[in-house]
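Peer 1: Sharing a structure, written as structure tokens. Questions coming.
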Amino acid sequence: MNFIRIPVKRASSLATATCVLVFTASAETPETARQIAAGRMPERWVYESPYSVTDSVSSMWWKSFNDPVLDSLIATGRANNYDIAAAIKRMAVAKAQTGIARAGYYPTAGISAGWTKERASGMTTSHTAPATSDSYFNIGADVSWEIDVFGKVRAGVNEKKASWRASRAEYEGVMLSVSAEIATTYIDYRVAQTQLAIAKSHSESQLKIVKIAEARHETGLASALDVAQARTVYSSTLSTIPPLESQIHTLRNSLALLLAEYASELPASLDSAQVLPFCPAVPAAGVPGDLMRRRPDIIAAEQNLAAAAAALGLAKKEFLPTLSIRGNIGTASHRADNLFSKESLTYSIEPTLSWTLFSGFSRKYAVAEARAQMEELIASYHSTVQTAVSEVDNAIYSYARSLETITALEEALAQSHRAYTKAVDLYKSGNSGFTNVADAQMSYLTYSNQLIAAKGTAITSLITLYKALGGGTDTAGTPVSYYE
């Protein structure tokens, strides 16, 4: 029995640089930042493992099952799934919004050209004068620039960048979720196929027992009760086949939906049953501080919180003045051929410092709103961390117990097979009644199905664990992260 002791990093484990620096920059209380960094993680997490452990998890965790069909399905799903496609578009929108915010760093420039004709009335208060008319040509360029002296533009850019990082994490979360759903559905499909094969195999052997009972009845060595019991067991097994076929059909359509294909387009390798994938050693090193740090939902929670902190800083900066520079240069003349002469040159420069002193308390309430939204996300962040710890712990425990279940069921299946064989031999020799055979048949079929179901549960528990750990590390063993 191995005891795995897993340390948890404190302030550096979950919300280190991002949240702490954001709150410092936003002049929020250090205590709030420390609370976020702590993340309510347990100081030490100990659990028992009856199996060996590995030091890291590959980001392509499904390849540890050594199933080429599963590899192909996940590759297709990650390329075609519509939820993933929508997440990519949301990420593109967030990136474009970041570009819009960055545009505030630069001046706005424009050019104009035109011709103007004016006529002035000759009427005055004292006498009537001839009306006058005039016309002139003009060409000019206008430039305006809001100088980011107080960091208003910078705060807006930081908010959009954090939102973009959150969208990237959400995209990775969708990728991970879709991959896990495909793998789980595929395992359920293989379990149903195997159980269908078991039902058909047992029904064939039970039919042989029916014929033996009928032959013994015809020769007077057995009663009609034996035949009825034999046929009951046989019919009962046959009754399990249609539901399994229906389940396989439904799971096949579920796979097609996840792959954004029609069921008829799925690979032919899915048509025939095959042995369930082998359960690799459970990955445990670094849980939860290191492995859970890369969970997309935790990254997204951190970045959404960073965006809220930046939004709060931006709301506060609305109380500060704005410095802008406006300028234009151009030329104007009554004659087009004189537009570019020295005498026609015009220009102006207008530095302006504007400061809104009162706006009906709208800025005050905007700050209050931003602070409330940030505090809401703080609570959401803590909830996300706590949920992550619970999910990983449940997945590891479930996987460990499912392996123990498999060990017990393998022994039970072996014993039930011996009992079935012995009961049939005794019945053939006339040393035992058919009731023992019927009981042994049902017990053997039950344990066969339970063992396959337990193996499927173990694999899906491991898939859940991979998902709970955030997907895995890259080939260098570095946690997958999407910060820039």
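Within each chain, counting starts at residue 1; across the structure tokens, chains are named A, B, ... in the order shown, with ligands numbered 1 upward in that order.
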With only C-alpha atoms as the counted atoms, please give the residues lying no more than 10 Å from Asn81 in chain A, apart from itself and same-chain residues fewer than 6 positions off, as a ChimeraX atom specification.

Peer 2: /A:74,174-175,178-179,256-261

Peer 1: Could you pull the residues within 12 Å of Gln247 in chain A, counting only C-alpha atoms, minus those fewer than 3 positions along the same chain, as a ChimeraX atom specification?

Peer 2: /A:185,188-193,195-196,240-244,250-254

Peer 1: For the residues in the current selection, export C-alpha atoms as an mmCIF file, in the first residue's frame.

Peer 2:
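Final output, saved to selection02.cif:
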```cif
data_model
loop_
_atom_site.group_PDB
_atom_site.id
_atom_site.type_symbol
_atom_site.label_atom_id
_atom_site.label_comp_id
_atom_site.auth_asym_id
_atom_site.auth_seq_id
_atom_site.Cartn_x
_atom_site.Cartn_y
_atom_site.Cartn_z
ATOM 1 C CA THR A 185 -19.081 7.961 -24.613
ATOM 2 C CA ASP A 188 -19.693 3.338 -22.636
ATOM 3 C CA TYR A 189 -20.149 2.243 -26.262
ATOM 4 C CA ARG A 190 -17.463 -0.439 -25.931
ATOM 5 C CA VAL A 191 -18.925 -1.621 -22.600
ATOM 6 C CA ALA A 192 -22.376 -2.011 -24.189
ATOM 7 C CA GLN A 193 -20.864 -3.839 -27.151
ATOM 8 C CA GLN A 195 -22.075 -6.857 -22.739
ATOM 9 C CA LEU A 196 -24.023 -7.567 -25.926
ATOM 10 C CA THR A 240 -31.362 -8.301 -22.369
ATOM 11 C CA ILE A 241 -30.182 -8.144 -25.995
ATOM 12 C CA PRO A 242 -32.671 -5.572 -27.466
ATOM 13 C CA PRO A 243 -32.018 -2.962 -24.716
ATOM 14 C CA LEU A 244 -28.280 -3.336 -25.245
ATOM 15 C CA THR A 250 -28.022 5.747 -28.900
ATOM 16 C CA LEU A 251 -24.335 5.914 -27.925
ATOM 17 C CA ARG A 252 -23.340 5.755 -31.575
ATOM 18 C CA ASN A 253 -25.517 8.787 -32.302
ATOM 19 C CA SER A 254 -24.040 10.566 -29.278
#
```

Peer 1: Could you please write out, as JSON, numbers by chain, every residue of range 63-247 of chain A that DSSP assigns to alpha helix (DSSP H)?

Peer 2: {"A": [68, 69, 70, 71, 72, 73, 74, 75, 76, 77, 78, 79, 80, 82, 83, 84, 85, 86, 87, 88, 89, 90, 91, 92, 93, 94, 95, 96, 97, 98, 99, 100, 101, 102, 152, 153, 154, 155, 156, 157, 158, 159, 160, 161, 162, 163, 164, 165, 166, 167, 168, 169, 170, 171, 172, 173, 174, 175, 176, 177, 178, 179, 180, 181, 182, 183, 184, 185, 186, 187, 188, 189, 190, 191, 192, 193, 194, 195, 196, 197, 198, 199, 200, 201, 202, 203, 204, 205, 206, 207, 208, 209, 210, 211, 212, 213, 214, 215, 216, 217, 218, 224, 225, 226, 227, 228, 229, 230, 231, 232, 233, 234, 235, 236, 237, 238, 239, 241, 242, 243, 244, 245, 246, 247]}

Peer 1: What is the distance between CA of Ser64 in chain A and CA of Ala400 in chain A, in Å to one decimal?

Peer 2: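 The value is 17.6 Å.
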
Peer 1: May I ask which of the residues A:Lys455, A:Lys364, A:Lys161, A:His382 is the closest one to Thr407 in chain A, counting only C-alpha atoms?

Peer 2: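 For Thr407 in chain A, the nearest of the candidates is A:Lys455.
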
Peer 1: What is the distance, in Å and to one decimal place, between CA of Gln206 in chain A and CA of Ile452 in chain A?

Peer 2: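 One can read the CA of Gln206 in chain A to CA of Ile452 in chain A distance as 20.0 Å.
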
Peer 1: Write out as a VMD selection string which residues come within 9 Å of Ser416 in chain A when counting only C-alpha atoms, dropping same-chain ones fewer than 2 positions away.

Peer 2: chain A and resid 411 to 414 418 to 421 440 to 441 443 to 445 447

Peer 1: Can you write out the residues you just picked, keeping C-alpha atoms, as a short mmCIF file (atom, residue, chain, number, x, y, z; two decimals), in the first residue's frame?

Peer 2:
```cif
data_model
loop_
_atom_site.label_atom_id
_atom_site.label_comp_id
_atom_site.auth_asym_id
_atom_site.auth_seq_id
_atom_site.Cartn_x
_atom_site.Cartn_y
_atom_site.Cartn_z
CA GLU A 411 -12.47 -13.54 -8.28
CA ALA A 412 -16.28 -13.78 -8.12
CA LEU A 413 -16.46 -14.42 -11.88
CA ALA A 414 -13.84 -17.14 -11.67
CA ARG A 418 -16.37 -23.04 -11.66
CA ALA A 419 -19.76 -23.36 -10.01
CA TYR A 420 -21.52 -23.26 -13.38
CA THR A 421 -19.25 -25.92 -14.88
CA ALA A 440 -25.21 -20.93 -11.67
CA GLN A 441 -26.14 -19.69 -15.16
CA SER A 443 -24.85 -15.90 -11.42
CA TYR A 444 -22.23 -16.40 -14.12
CA LEU A 445 -23.99 -13.97 -16.50
CA TYR A 447 -20.82 -11.40 -12.69
#
```

Peer 1: Fewer than 3 positions away in the same chain doesn't count, so skip those; otherwise give me all residues within 8 Å of Ser348 in chain A, counting only C-alpha atoms, as a list in words.

Peer 2: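 So, after excluding close chain neighbours, the residues are Gly327, Asn328 and Ile329 of chain A.
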
Peer 1: Give me the residues within 12 Å of Gly156 in chain A as a ChimeraX atom specification, counting only C-alpha atoms and dropping any in the same chain fewer than 4 places off.

Peer 2: /A:97-105,148,150-152,160-163,306-318

Peer 1: Measuring atom to atom with only C-alpha atoms, identify which of A:Gln303, A:Asn66, A:Thr219, A:Ser246 is nearest to Glu159 in chain A.

Peer 2: A:Gln303
